[in-house]
Amino acid sequence: MPSRRLGYQSLTRMLGHWQQPASRVPLWQQLASALRLLILDGRLTLGTRLPGERELSSALGISRTTVSSALARLREQGFLVSQQGSGSRVVLPESRDTVPAMMSTGGELDLSTASLEAGPEIYQAFSQALSGLPQHLSGTGYSPQGLLALREAIARDYQRRGLPTRADQIMVVNGAVSGLSLILRLLTGPGDRVLVDHPTYPSALSAIRGAACQPVGVSLGHGEWDLAGLTATLAQSSPRLAYIIADYHNPTGYCMDSAAREQLVAVAARYRTPLVIDETLADLWYQQPPPLPVAAFAGDSDVYCLGSASKRFWGGLRVGWIRAPGTQAAALVQIRDSLDLGTPVTEQLACAWLVDNSEQFLKGRRELLQQRRDHCAVLMNRYFPDWSFLMPEGGLSFWVELPGMLATRFASRASDAGIILGTGTRFGLSGAFDRFLRMPFSAEDATLEQAFRRLQPLWEALPDSPRPVTTRPIF
């Protein structure tokens, strides 16, 4: 298994505020729980080599014995393997009994993933795809740009949203992150800066770093984008591109208004910065659809749009697409073989049927999500009255502000109890947002209530958590 060595500074930032000084839990157990959480939520990837015990103890300001005991616990649980002279490397346990129940395929207590279960339309889509598959079997099955039928369906969908689009502007990829990786290969080189919202989608940060680029964050205001800060960052940092989530932003849920979209395009054009707009959540609105796509304001400016079937239809359908400006889709096709050779034909056929028939079932999914959103808000109000949040108008999750820097500590205790939480630090740079949680509301009502009932005593037992009910969530 390939491995990379993680520096102590990076690991210290990822751990955040892991210590609970007033807790009766020994410090080595606290550290073991915090490291285990990083492994379970994917921030410490498989094969990663940790810093040495002496180096880590010095960086964390704790004894080497404490570090040694924590690493020994993780080895016992199957999360680390150690070899003399090579340090400790991250693995996953062979026995499922060691991993919390929600990490299995059922996932009923995983509160870190924002995704709905499949509806009956998924089976119908694949049935239609199989009936249409024979006509494609006489070919090689390779299609670097994607099947014409799917590209035409996606182009029609953009037309429906108010953005004139040709099928030759569409490129089908294996998910939106794969699309971002391809754009990064086309437009950036090692060491280039990439502007991002702050906070932002963790997998996008991974793709940017994987391209050897440096993400530069522009903080979001209270419910809106800081366009003045974005303009200053473009002027001062000269990023090669900007990655923005304008529709029901992940994780905050914000939706950029029309005026801000128009201003964003104008500013990016002034500094000749291509925009990559993530639209994966654009169709998950509740009361009214979002404004016109950002690219509708672009004119001749370079605006790339990223779409995906995974949030809109089902997470198991790993199909995404890029809407490229002008003739840039052809340039993306030319470099695709350095990433992969195409998207599976059956999945593309199923996705084409879903896109063309989405209005038949998306209304029901929106109603289901709105009901679950409202129920989740009631539960948070009941079990965690000192949490604050805005009610999102679309998307799949709340961005919850805690009364202190408690997210990592809380998530660590929740992990020990078999519940995975999405801490705010996953969505930030340099360990930021440790007073936030992303709380998906895509789980079934009973599952969510069961999880909150188990989480409540863990929250109240935190040494720094407020005891009396003094505030209410922000709606």
# chains A, B, ... in the order shown; residues from 1 in each chain; ligands from 1
>>> residues_around(residues="A:Ser301", least_positions_apart="2", cutoff="9 Å", atoms="only C-alpha atoms", output="PyMOL selection string")
chain A and resi 265-266+268-269+272-275+295+297-299+303+325
>>> residues_around(residues="A:Ala32", least_positions_apart="4", cutoff="9 Å", atoms="only C-alpha atoms", output="MDAnalysis selection string")
chainID A and resid 27:28 36:37 67 69:74
>>> write_last_selection(atoms="N, CA and C atoms", output="compact mmCIF listing (two decimals), in the first residue's frame")
# COMPACT_ATOMS: atom_id res chain seq x y z
N LEU A 27 -5.77 11.19 29.33
CA LEU A 27 -5.36 11.96 28.17
C LEU A 27 -5.03 11.05 26.99
N TRP A 28 -4.42 9.91 27.25
CA TRP A 28 -4.05 9.02 26.15
C TRP A 28 -5.29 8.47 25.46
N ARG A 36 -8.68 8.38 16.07
CA ARG A 36 -9.61 7.43 15.47
C ARG A 36 -10.71 8.14 14.70
N LEU A 37 -11.18 9.27 15.20
CA LEU A 37 -12.18 10.06 14.50
C LEU A 37 -11.64 10.56 13.16
N VAL A 67 1.50 9.60 24.20
CA VAL A 67 1.41 9.33 22.77
C VAL A 67 1.54 7.84 22.50
N SER A 69 0.86 5.32 24.43
CA SER A 69 -0.33 4.59 24.88
C SER A 69 -1.48 4.77 23.90
N ALA A 70 -1.63 5.99 23.37
CA ALA A 70 -2.71 6.25 22.40
C ALA A 70 -2.49 5.44 21.13
N LEU A 71 -1.27 5.42 20.62
CA LEU A 71 -0.99 4.67 19.40
C LEU A 71 -1.14 3.17 19.63
N ALA A 72 -0.78 2.72 20.82
CA ALA A 72 -0.95 1.31 21.14
C ALA A 72 -2.42 0.92 21.13
N ARG A 73 -3.29 1.79 21.66
CA ARG A 73 -4.73 1.53 21.64
C ARG A 73 -5.24 1.41 20.20
N LEU A 74 -4.78 2.31 19.33
CA LEU A 74 -5.22 2.26 17.93
C LEU A 74 -4.70 1.02 17.22
>>> residues_around(residues="A:Gly189", least_positions_apart="5", cutoff="9 Å", atoms="only C-alpha atoms", output="list of chain:residue names")
A:Leu184, A:Ala211, A:Ala212, A:Cys213, A:Arg240
>>> residues_around(residues="A:Ala417", least_positions_apart="5", cutoff="9 Å", atoms="only C-alpha atoms", output="CSV table (one decimal) with N, CA and C atoms, in the first residue's frame")
chain,number,residue,atom,x,y,z
A,100,PRO,N,-17.5,1.3,14.2
A,100,PRO,CA,-18.9,1.5,14.6
A,100,PRO,C,-19.9,1.1,13.6
A,412,SER,N,-15.5,13.3,19.0
A,412,SER,CA,-14.6,12.3,19.5
A,412,SER,C,-15.4,11.4,20.4
A,454,ARG,N,-29.1,9.7,21.9
A,454,ARG,CA,-27.8,9.1,22.4
A,454,ARG,C,-26.8,10.2,22.5
A,455,LEU,N,-26.8,11.2,21.7
A,455,LEU,CA,-25.8,12.3,21.7
A,455,LEU,C,-26.0,13.3,22.9
A,458,LEU,N,-23.9,12.9,26.0
A,458,LEU,CA,-22.5,13.1,25.6
A,458,LEU,C,-22.2,14.6,25.6
>>> residues_around(residues="A:Ser88", least_positions_apart="6", cutoff="8 Å", atoms="only C-alpha atoms", output="ChimeraX atom specification")
/A:49-52,80-82
>>> closest_residue(among="A:Phe313, A:Gly179, A:Ile170, A:Ser138", to="A:Gly326", atoms="only C-alpha atoms")
A:Ile170
>>> closest_atom_pairs(of="stretch 379-442 of chain A", to="stretch 8-24 of chain A", cutoff="8 Å", atoms="only C-alpha atoms", output="CSV")
residue,atom,partner,partner_atom,distance
A:Met405,CA,A:His17,CA,6.9
A:Leu406,CA,A:His17,CA,7.3
A:Thr408,CA,A:Trp18,CA,5.9
A:Arg409,CA,A:Trp18,CA,5.3
A:Ser412,CA,A:Trp18,CA,7.9
A:Thr425,CA,A:Met14,CA,7.2
A:Ser430,CA,A:Arg13,CA,5.7
A:Gly431,CA,A:Arg13,CA,4.8
A:Asp434,CA,A:Gly16,CA,6.9
>>> write_last_selection(atoms="all heavy atoms", output="PDB file, in the first residue's frame")
ATOM      1  N   MET A 405     -15.552  26.113  21.245  1.00  0.00           N
ATOM      2  CA  MET A 405     -14.702  25.285  20.378  1.00  0.00           C
ATOM      3  C   MET A 405     -14.830  23.831  20.818  1.00  0.00           C
ATOM      4  O   MET A 405     -13.910  23.253  21.409  1.00  0.00           O
ATOM      5  CB  MET A 405     -13.260  25.763  20.475  1.00  0.00           C
ATOM      6  CG  MET A 405     -13.083  27.245  20.216  1.00  0.00           C
ATOM      7  SD  MET A 405     -13.208  27.686  18.478  1.00  0.00           S
ATOM      8  CE  MET A 405     -11.572  27.250  17.917  1.00  0.00           C
ATOM      9  N   LEU A 406     -15.984  23.239  20.527  1.00  0.00           N
ATOM     10  CA  LEU A 406     -16.327  21.943  21.099  1.00  0.00           C
ATOM     11  C   LEU A 406     -16.556  20.847  20.065  1.00  0.00           C
ATOM     12  O   LEU A 406     -16.820  19.700  20.438  1.00  0.00           O
ATOM     13  CB  LEU A 406     -17.599  22.087  21.949  1.00  0.00           C
ATOM     14  CG  LEU A 406     -17.516  23.053  23.132  1.00  0.00           C
ATOM     15  CD1 LEU A 406     -18.902  23.312  23.699  1.00  0.00           C
ATOM     16  CD2 LEU A 406     -16.599  22.486  24.200  1.00  0.00           C
ATOM     17  N   THR A 408     -14.676  19.120  17.843  1.00  0.00           N
ATOM     18  CA  THR A 408     -13.789  17.959  17.821  1.00  0.00           C
ATOM     19  C   THR A 408     -13.985  17.094  19.062  1.00  0.00           C
ATOM     20  O   THR A 408     -14.042  15.864  18.979  1.00  0.00           O
ATOM     21  CB  THR A 408     -12.323  18.407  17.713  1.00  0.00           C
ATOM     22  OG1 THR A 408     -12.143  19.132  16.491  1.00  0.00           O
ATOM     23  CG2 THR A 408     -11.381  17.220  17.719  1.00  0.00           C
ATOM     24  N   ARG A 409     -14.091  17.725  20.236  1.00  0.00           N
ATOM     25  CA  ARG A 409     -14.283  16.964  21.475  1.00  0.00           C
ATOM     26  C   ARG A 409     -15.605  16.202  21.445  1.00  0.00           C
ATOM     27  O   ARG A 409     -15.675  15.030  21.824  1.00  0.00           O
ATOM     28  CB  ARG A 409     -14.259  17.908  22.675  1.00  0.00           C
ATOM     29  CG  ARG A 409     -12.982  18.711  22.829  1.00  0.00           C
ATOM     30  CD  ARG A 409     -13.074  19.630  24.043  1.00  0.00           C
ATOM     31  NE  ARG A 409     -12.014  20.619  24.064  1.00  0.00           N
ATOM     32  CZ  ARG A 409     -11.908  21.573  24.977  1.00  0.00           C
ATOM     33  NH1 ARG A 409     -12.793  21.644  25.951  1.00  0.00           N
ATOM     34  NH2 ARG A 409     -10.917  22.445  24.919  1.00  0.00           N
ATOM     35  N   SER A 412     -15.469  13.334  18.974  1.00  0.00           N
ATOM     36  CA  SER A 412     -14.639  12.252  19.483  1.00  0.00           C
ATOM     37  C   SER A 412     -15.441  11.357  20.424  1.00  0.00           C
ATOM     38  O   SER A 412     -15.392  10.129  20.339  1.00  0.00           O
ATOM     39  CB  SER A 412     -13.412  12.827  20.197  1.00  0.00           C
ATOM     40  OG  SER A 412     -12.618  11.807  20.745  1.00  0.00           O
ATOM     41  N   THR A 425     -14.173  21.407  11.220  1.00  0.00           N
ATOM     42  CA  THR A 425     -12.780  21.439  10.774  1.00  0.00           C
ATOM     43  C   THR A 425     -12.567  20.681   9.474  1.00  0.00           C
ATOM     44  O   THR A 425     -11.594  20.942   8.761  1.00  0.00           O
ATOM     45  CB  THR A 425     -11.867  20.850  11.862  1.00  0.00           C
ATOM     46  OG1 THR A 425     -12.354  19.555  12.250  1.00  0.00           O
ATOM     47  CG2 THR A 425     -11.831  21.748  13.088  1.00  0.00           C
ATOM     48  N   SER A 430      -6.567  24.872   7.746  1.00  0.00           N
ATOM     49  CA  SER A 430      -5.729  25.058   8.940  1.00  0.00           C
ATOM     50  C   SER A 430      -6.494  24.879  10.243  1.00  0.00           C
ATOM     51  O   SER A 430      -6.295  25.615  11.210  1.00  0.00           O
ATOM     52  CB  SER A 430      -5.072  26.445   8.910  1.00  0.00           C
ATOM     53  OG  SER A 430      -4.295  26.599   7.735  1.00  0.00           O
ATOM     54  N   GLY A 431      -7.417  23.915  10.285  1.00  0.00           N
ATOM     55  CA  GLY A 431      -8.114  23.607  11.525  1.00  0.00           C
ATOM     56  C   GLY A 431      -9.210  24.576  11.905  1.00  0.00           C
ATOM     57  O   GLY A 431      -9.667  24.582  13.054  1.00  0.00           O
ATOM     58  N   ASP A 434     -13.820  24.897  14.369  1.00  0.00           N
ATOM     59  CA  ASP A 434     -14.001  23.894  15.410  1.00  0.00           C
ATOM     60  C   ASP A 434     -15.185  24.219  16.316  1.00  0.00           C
ATOM     61  O   ASP A 434     -15.458  23.464  17.253  1.00  0.00           O
ATOM     62  CB  ASP A 434     -12.722  23.746  16.246  1.00  0.00           C
ATOM     63  CG  ASP A 434     -12.644  22.409  16.962  1.00  0.00           C
ATOM     64  OD1 ASP A 434     -13.395  21.494  16.568  1.00  0.00           O
ATOM     65  OD2 ASP A 434     -11.860  22.268  17.906  1.00  0.00           O
TER      66      ASP A 434
END
>>> select_by_dssp(residues="stretch 98-278 of chain A", states="helix (DSSP H, G or I)", output="PyMOL selection string")
chain A and resi 98+101-103+120-136+148-160+167-169+176-187+202-210+227-237+258-270
>>> closest_atom_pairs(of="stretch 212-309 of chain A", to="stretch 199-207 of chain A", cutoff="7 Å", atoms="only C-alpha atoms", output="tab-separated table")
residue	atom	partner	partner_atom	distance
A:Pro215	CA	A:Leu205	CA	7.0
A:Ser219	CA	A:Pro199	CA	7.0
A:Asn250	CA	A:Tyr201	CA	5.8
A:Pro251	CA	A:Thr200	CA	6.5
>>> residues_around(residues="stretch 358-365 of chain A", least_positions_apart="5", cutoff="9 Å", atoms="only C-alpha atoms", output="CSV table (one decimal) with N, CA and C atoms, in the first residue's frame")
chain,number,residue,atom,x,y,z
A,116,LEU,N,-29.4,11.1,0.4
A,116,LEU,CA,-30.6,10.3,0.6
A,116,LEU,C,-30.5,8.9,0.1
A,119,GLY,N,-34.6,6.1,-4.4
A,119,GLY,CA,-36.0,6.0,-4.6
A,119,GLY,C,-36.3,5.0,-5.6
A,121,GLU,N,-37.4,5.2,-8.5
A,121,GLU,CA,-37.0,5.6,-9.8
A,121,GLU,C,-35.6,5.2,-10.2
A,283,ASP,N,-30.7,21.5,-7.6
A,283,ASP,CA,-32.1,21.1,-7.8
A,283,ASP,C,-32.8,20.7,-6.5
A,284,LEU,N,-32.1,20.8,-5.4
A,284,LEU,CA,-32.6,20.4,-4.1
A,284,LEU,C,-33.1,21.6,-3.4
A,286,TYR,N,-36.6,24.0,-1.9
A,286,TYR,CA,-37.9,23.7,-1.3
A,286,TYR,C,-39.0,24.6,-1.7
A,312,ARG,N,-28.5,14.6,-6.4
A,312,ARG,CA,-29.8,14.9,-7.0
A,312,ARG,C,-30.6,13.6,-7.1
A,313,PHE,N,-30.0,12.4,-7.4
A,313,PHE,CA,-30.7,11.2,-7.5
A,313,PHE,C,-30.4,10.2,-6.5
A,353,TRP,N,-32.0,8.8,-18.5
A,353,TRP,CA,-33.4,8.6,-18.2
A,353,TRP,C,-33.8,9.5,-17.0
A,370,GLN,N,-37.7,18.5,2.8
A,370,GLN,CA,-38.2,19.6,3.6
A,370,GLN,C,-38.8,19.1,4.9
>>> select_by_dssp(residues="stretch 32-126 of chain A", states="strand (DSSP E)", output="MDAnalysis selection string")
chainID A and resid 80:83 87:90 110:111
>>> write_last_selection(atoms="all heavy atoms", output="compact mmCIF listing (two decimals), in the first residue's frame")
# COMPACT_ATOMS: atom_id res chain seq x y z
N LEU A 80 -4.05 1.13 13.20
CA LEU A 80 -2.65 1.42 12.88
C LEU A 80 -1.87 0.12 12.79
O LEU A 80 -2.18 -0.85 13.48
CB LEU A 80 -2.00 2.31 13.96
CG LEU A 80 -2.41 3.77 14.10
CD1 LEU A 80 -1.62 4.40 15.24
CD2 LEU A 80 -2.19 4.54 12.81
N VAL A 81 -0.85 0.13 11.94
CA VAL A 81 0.17 -0.91 11.97
C VAL A 81 1.52 -0.21 12.09
O VAL A 81 1.73 0.86 11.52
CB VAL A 81 0.14 -1.80 10.71
CG1 VAL A 81 -1.13 -2.62 10.66
CG2 VAL A 81 0.29 -0.98 9.44
N SER A 82 2.41 -0.79 12.87
CA SER A 82 3.71 -0.16 13.12
C SER A 82 4.82 -1.13 12.77
O SER A 82 4.68 -2.35 12.94
CB SER A 82 3.83 0.27 14.59
OG SER A 82 2.82 1.19 14.93
N GLN A 83 5.89 -0.57 12.26
CA GLN A 83 7.07 -1.36 11.90
C GLN A 83 8.31 -0.60 12.34
O GLN A 83 8.39 0.62 12.15
CB GLN A 83 7.09 -1.62 10.40
CG GLN A 83 8.20 -2.56 9.95
CD GLN A 83 8.09 -2.89 8.47
OE1 GLN A 83 7.16 -2.46 7.80
NE2 GLN A 83 9.05 -3.63 7.97
N GLY A 87 7.71 3.69 11.41
CA GLY A 87 6.64 4.42 12.07
C GLY A 87 5.31 3.70 12.02
O GLY A 87 5.23 2.50 11.75
N SER A 88 4.23 4.45 12.24
CA SER A 88 2.88 3.90 12.29
C SER A 88 2.10 4.35 11.06
O SER A 88 2.12 5.52 10.69
CB SER A 88 2.15 4.36 13.56
OG SER A 88 2.82 3.89 14.72
N ARG A 89 1.39 3.40 10.45
CA ARG A 89 0.66 3.66 9.22
C ARG A 89 -0.83 3.37 9.43
O ARG A 89 -1.21 2.41 10.10
CB ARG A 89 1.23 2.78 8.10
CG ARG A 89 0.58 2.93 6.76
CD ARG A 89 1.42 2.27 5.66
NE ARG A 89 1.78 0.91 6.00
CZ ARG A 89 1.00 -0.15 5.77
NH1 ARG A 89 -0.19 0.01 5.23
NH2 ARG A 89 1.43 -1.37 6.08
N VAL A 90 -1.69 4.22 8.84
CA VAL A 90 -3.14 4.10 9.01
C VAL A 90 -3.69 2.94 8.18
O VAL A 90 -3.38 2.81 6.99
CB VAL A 90 -3.83 5.41 8.59
CG1 VAL A 90 -5.36 5.25 8.59
CG2 VAL A 90 -3.42 6.55 9.52
N ASP A 110 -24.74 7.16 10.81
CA ASP A 110 -23.68 8.00 10.26
C ASP A 110 -24.25 9.38 10.01
O ASP A 110 -25.02 9.59 9.07
CB ASP A 110 -23.15 7.39 8.97
CG ASP A 110 -22.00 8.20 8.38
OD1 ASP A 110 -21.68 9.27 8.94
OD2 ASP A 110 -21.44 7.78 7.36
N LEU A 111 -23.91 10.34 10.86
CA LEU A 111 -24.39 11.71 10.71
C LEU A 111 -23.34 12.61 10.07
O LEU A 111 -23.40 13.83 10.22
CB LEU A 111 -24.81 12.27 12.08
CG LEU A 111 -25.96 11.55 12.78
CD1 LEU A 111 -26.38 12.31 14.03
CD2 LEU A 111 -27.16 11.36 11.86
>>> closest_residue(among="A:Leu150, A:Leu429, A:Leu130, A:Gly395", to="A:His198", atoms="only C-alpha atoms")
A:Leu429
>>> closest_residue(among="A:Leu234, A:Leu306, A:Val267, A:Ala260", to="A:Ala282", atoms="only C-alpha atoms")
A:Leu306
>>> atom_distance(atom1="atom CA of A:Gln456", atom2="atom CA of A:Phe384")
7.1 Å
